[in-house]
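Student: Before I ask anything, let me first share the structure, which is written out below as structure tokens.
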Amino acid sequence: MTTQQLIDIAVEMKTQAYVPYSNFHVGAAILTEDGTVITGCNVENAAYGMCICAEQTAVVKAVSEGHKKFKAIAVAGDSDGPCLPCGACRQILSEFCGPDMPIACVGLDGKPEQFTLGELLAHSFKLER
Ligand code: THU
């Protein structure tokens with residue numbers, strides 16, 4: 001599975017997005033340690049605060065199916081340039097992924113940009129005493 005293939009799956013997942021309020025489609029594809037690809041899309045709600053991000057959908061689907069180790073994630077959104085994960089999604093990823101986790105982001109221009117989780121979420125919260 002190449003990064004471009006993962007991006008292509010994330011782009012395809014935008015078609016599943018349920019976005020009657022924002023009309024902003026987001027798709028995600030996360031690659032598990034064993035090579036399985038788990039997808040997600042954003043799912044909105046009339047109570048706006050209940051909207052679920054595409055990355056959250058993918059991570060929750062993956063964990064619920066027994067996957068907790070991930071190699072990469074791709075995020076595709078309706079932004080002009082690369083669609084980056086929001087702060088909440090960065091924190092959710094940090095629960096399962098280390099700072100080297102690659103995050104490929106793409107927008108409507110189709111030009112992907114690669115980051116690591118450590119770049120996007122420095123000094124993440126950890127429940128340590
Ligand atoms: N959204 C995501 O799916 N992922 C993010 O990382 C940021 C935002 C969704 C939530 C909402 O449905 C729409 O994009 C507009 O905020």
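In the structure tokens, the first chain shown is A, the next is B, and so on; residue numbers restart at 1 for each chain, and ligands run from 1 in the order shown.
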Can you work out which residues are within 8 Å of ligand 1, considering only C-alpha atoms and all ligand atoms, and then hand them over as a VMD selection string?
Tutor: chain A and resid 18 to 19 21 to 27 41 to 44 51 to 56 75 77 83 to 90
Student: Could you tell me how far atom CA of Glu33 of chain A lies from atom CA of Lys69 of chain A, in Å and to one decimal?
Tutor: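 One can read the atom CA of Glu33 of chain A to atom CA of Lys69 of chain A distance as 5.4 Å.
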Student: What residues in chain A get the DSSP label strand (DSSP E or B)? Please answer as a ChimeraX atom specification.
Tutor: /A:18,26-32,37-41,43,52,70-77,102-106,113-116
Student: Using only C-alpha atoms for the distances, tell me which of A:Lys111, A:His123, A:Arg129, A:Lys68 is nearest to Ile7 of chain A.
Tutor: A:Lys111
Student: One decimal, Å: what's the distance from atom CA of Ile103 of chain A over to atom CA of Leu127 of chain A, could you say?
Tutor: 23.5 Å
Student: Within 8 Å of segment 117-122 of chain A, counting only C-alpha atoms, which residues show up once you throw out same-chain ones fewer than 3 positions away? Write them as an mmCIF file with N, CA, C and O atoms, in the first residue's frame, please.
Tutor:
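What ended up in result31.cif:
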data_model
loop_
_atom_site.group_PDB
_atom_site.id
_atom_site.type_symbol
_atom_site.label_atom_id
_atom_site.label_comp_id
_atom_site.auth_asym_id
_atom_site.auth_seq_id
_atom_site.Cartn_x
_atom_site.Cartn_y
_atom_site.Cartn_z
ATOM 1 N N GLY A 87 -7.597 19.625 16.005
ATOM 2 C CA GLY A 87 -6.885 19.347 17.262
ATOM 3 C C GLY A 87 -7.400 18.107 17.966
ATOM 4 O O GLY A 87 -6.608 17.307 18.486
ATOM 5 N N ARG A 90 -6.095 15.051 16.259
ATOM 6 C CA ARG A 90 -4.662 14.850 16.545
ATOM 7 C C ARG A 90 -4.509 14.154 17.894
ATOM 8 O O ARG A 90 -3.703 13.233 18.060
ATOM 9 N N GLN A 91 -5.292 14.596 18.881
ATOM 10 C CA GLN A 91 -5.220 13.981 20.211
ATOM 11 C C GLN A 91 -5.706 12.531 20.152
ATOM 12 O O GLN A 91 -5.118 11.639 20.772
ATOM 13 N N LEU A 93 -5.571 10.485 17.612
ATOM 14 C CA LEU A 93 -4.503 9.703 16.972
ATOM 15 C C LEU A 93 -3.367 9.439 17.956
ATOM 16 O O LEU A 93 -2.766 8.365 17.964
ATOM 17 N N SER A 94 -3.059 10.428 18.799
ATOM 18 C CA SER A 94 -1.920 10.286 19.712
ATOM 19 C C SER A 94 -2.156 9.206 20.768
ATOM 20 O O SER A 94 -1.215 8.747 21.413
ATOM 21 N N CYS A 97 -0.924 6.285 18.305
ATOM 22 C CA CYS A 97 0.198 6.451 17.379
ATOM 23 C C CYS A 97 1.290 7.306 17.999
ATOM 24 O O CYS A 97 0.998 8.266 18.713
ATOM 25 N N GLY A 98 2.524 6.960 17.667
ATOM 26 C CA GLY A 98 3.663 7.723 18.157
ATOM 27 C C GLY A 98 3.926 8.954 17.307
ATOM 28 O O GLY A 98 3.257 9.176 16.283
ATOM 29 N N PRO A 99 4.919 9.737 17.701
ATOM 30 C CA PRO A 99 5.211 10.999 17.000
ATOM 31 C C PRO A 99 5.676 10.814 15.552
ATOM 32 O O PRO A 99 5.584 11.753 14.764
ATOM 33 N N ASP A 100 6.126 9.613 15.191
ATOM 34 C CA ASP A 100 6.586 9.383 13.811
ATOM 35 C C ASP A 100 5.464 8.977 12.858
ATOM 36 O O ASP A 100 5.697 8.783 11.662
ATOM 37 N N MET A 101 4.265 8.816 13.360
ATOM 38 C CA MET A 101 3.124 8.395 12.517
ATOM 39 C C MET A 101 2.951 9.356 11.337
ATOM 40 O O MET A 101 2.736 10.566 11.520
ATOM 41 N N PRO A 102 3.028 8.848 10.105
ATOM 42 C CA PRO A 102 2.862 9.726 8.939
ATOM 43 C C PRO A 102 1.394 10.071 8.687
ATOM 44 O O PRO A 102 0.527 9.197 8.761
ATOM 45 N N ILE A 103 1.148 11.332 8.412
ATOM 46 C CA ILE A 103 -0.207 11.822 8.125
ATOM 47 C C ILE A 103 -0.159 12.525 6.769
ATOM 48 O O ILE A 103 0.481 13.569 6.622
#
Student: Could you give me, as a PDB file with N, CA and C atoms, in the first residue's frame, the residues within 9 Å of Met1 of chain A, counting only C-alpha atoms and dropping anything in the same chain fewer than 4 positions from it?
Tutor:
ATOM      1  N   GLN A   5      -1.901   5.465  -2.791  1.00  0.00           N
ATOM      2  CA  GLN A   5      -3.075   4.572  -2.751  1.00  0.00           C
ATOM      3  C   GLN A   5      -3.952   4.874  -1.537  1.00  0.00           C
ATOM      4  N   LEU A   6      -3.298   5.129  -0.394  1.00  0.00           N
ATOM      5  CA  LEU A   6      -4.051   5.457   0.825  1.00  0.00           C
ATOM      6  C   LEU A   6      -4.792   6.783   0.643  1.00  0.00           C
ATOM      7  N   LEU A  31      -4.055   2.945   7.817  1.00  0.00           N
ATOM      8  CA  LEU A  31      -3.401   1.672   7.499  1.00  0.00           C
ATOM      9  C   LEU A  31      -2.951   1.023   8.799  1.00  0.00           C
ATOM     10  N   GLY A  35      -1.600  -4.350   7.634  1.00  0.00           N
ATOM     11  CA  GLY A  35      -1.850  -4.022   6.230  1.00  0.00           C
ATOM     12  C   GLY A  35      -3.312  -3.799   5.870  1.00  0.00           C
ATOM     13  N   VAL A  37      -6.706  -1.704   5.582  1.00  0.00           N
ATOM     14  CA  VAL A  37      -7.071  -0.289   5.475  1.00  0.00           C
ATOM     15  C   VAL A  37      -8.482  -0.116   6.029  1.00  0.00           C
TER      16      VAL A  37
END
Student: Compile the contact shell of Ala28 of chain A as JSON, numbers by chain: residues with an atom at most 8 Å away, counting only C-alpha atoms, same-chain residues fewer than 6 positions apart removed.
Tutor: {"A": [9, 10, 11, 13, 14, 39, 40, 41, 54, 55, 58, 73, 74, 75, 76]}
Student: As a list in words, which residues of segment 27-67 of chain A does DSSP assign to helix (DSSP H, G or I)?
Tutor: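 Taking segment 27-67 of chain A and keeping helix (DSSP H, G or I) only, one gets Tyr48, Gly49, Met50, Ala54, Glu55, Gln56, Thr57, Ala58, Val59, Val60, Lys61, Ala62, Val63 and Ser64 of chain A.
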Student: Using the selection just defined, write its residues with N, CA and C atoms as a tab-separated table (two decimals), in the first residue's frame.
Tutor:
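Saved to part-v9.tsv:
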chain	number	residue	atom	x	y	z
A	48	TYR	N	-24.80	20.60	16.34
A	48	TYR	CA	-23.52	20.71	15.64
A	48	TYR	C	-22.33	20.12	16.41
A	49	GLY	N	-22.37	20.28	17.73
A	49	GLY	CA	-21.25	19.79	18.54
A	49	GLY	C	-21.09	18.28	18.51
A	50	MET	N	-22.09	17.59	18.00
A	50	MET	CA	-22.03	16.13	17.93
A	50	MET	C	-21.41	15.63	16.63
A	54	ALA	N	-13.97	12.59	10.17
A	54	ALA	CA	-13.61	11.41	9.37
A	54	ALA	C	-12.51	10.58	10.04
A	55	GLU	N	-11.53	11.26	10.60
A	55	GLU	CA	-10.41	10.54	11.24
A	55	GLU	C	-10.90	9.78	12.47
A	56	GLN	N	-11.83	10.41	13.21
A	56	GLN	CA	-12.38	9.74	14.40
A	56	GLN	C	-13.16	8.51	13.98
A	57	THR	N	-13.95	8.63	12.92
A	57	THR	CA	-14.70	7.48	12.42
A	57	THR	C	-13.75	6.34	12.10
A	58	ALA	N	-12.66	6.65	11.39
A	58	ALA	CA	-11.70	5.61	10.99
A	58	ALA	C	-11.04	4.96	12.21
A	59	VAL	N	-10.61	5.78	13.16
A	59	VAL	CA	-9.91	5.22	14.33
A	59	VAL	C	-10.87	4.38	15.17
A	60	VAL	N	-12.08	4.87	15.37
A	60	VAL	CA	-13.04	4.13	16.20
A	60	VAL	C	-13.46	2.82	15.51
A	61	LYS	N	-13.66	2.88	14.19
A	61	LYS	CA	-13.96	1.65	13.46
A	61	LYS	C	-12.82	0.65	13.62
A	62	ALA	N	-11.59	1.14	13.46
A	62	ALA	CA	-10.42	0.25	13.52
A	62	ALA	C	-10.30	-0.40	14.90
A	63	VAL	N	-10.38	0.42	15.94
A	63	VAL	CA	-10.21	-0.12	17.30
A	63	VAL	C	-11.33	-1.11	17.61
A	64	SER	N	-12.53	-0.79	17.15
A	64	SER	CA	-13.67	-1.69	17.43
A	64	SER	C	-13.54	-3.01	16.69
Student: Could you please determine the separation between atom CA of Glu12 of chain A and atom CA of Thr32 of chain A in Å, to one decimal place?
Tutor: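 Going from atom CA of Glu12 of chain A over to atom CA of Thr32 of chain A covers 18.5 Å.
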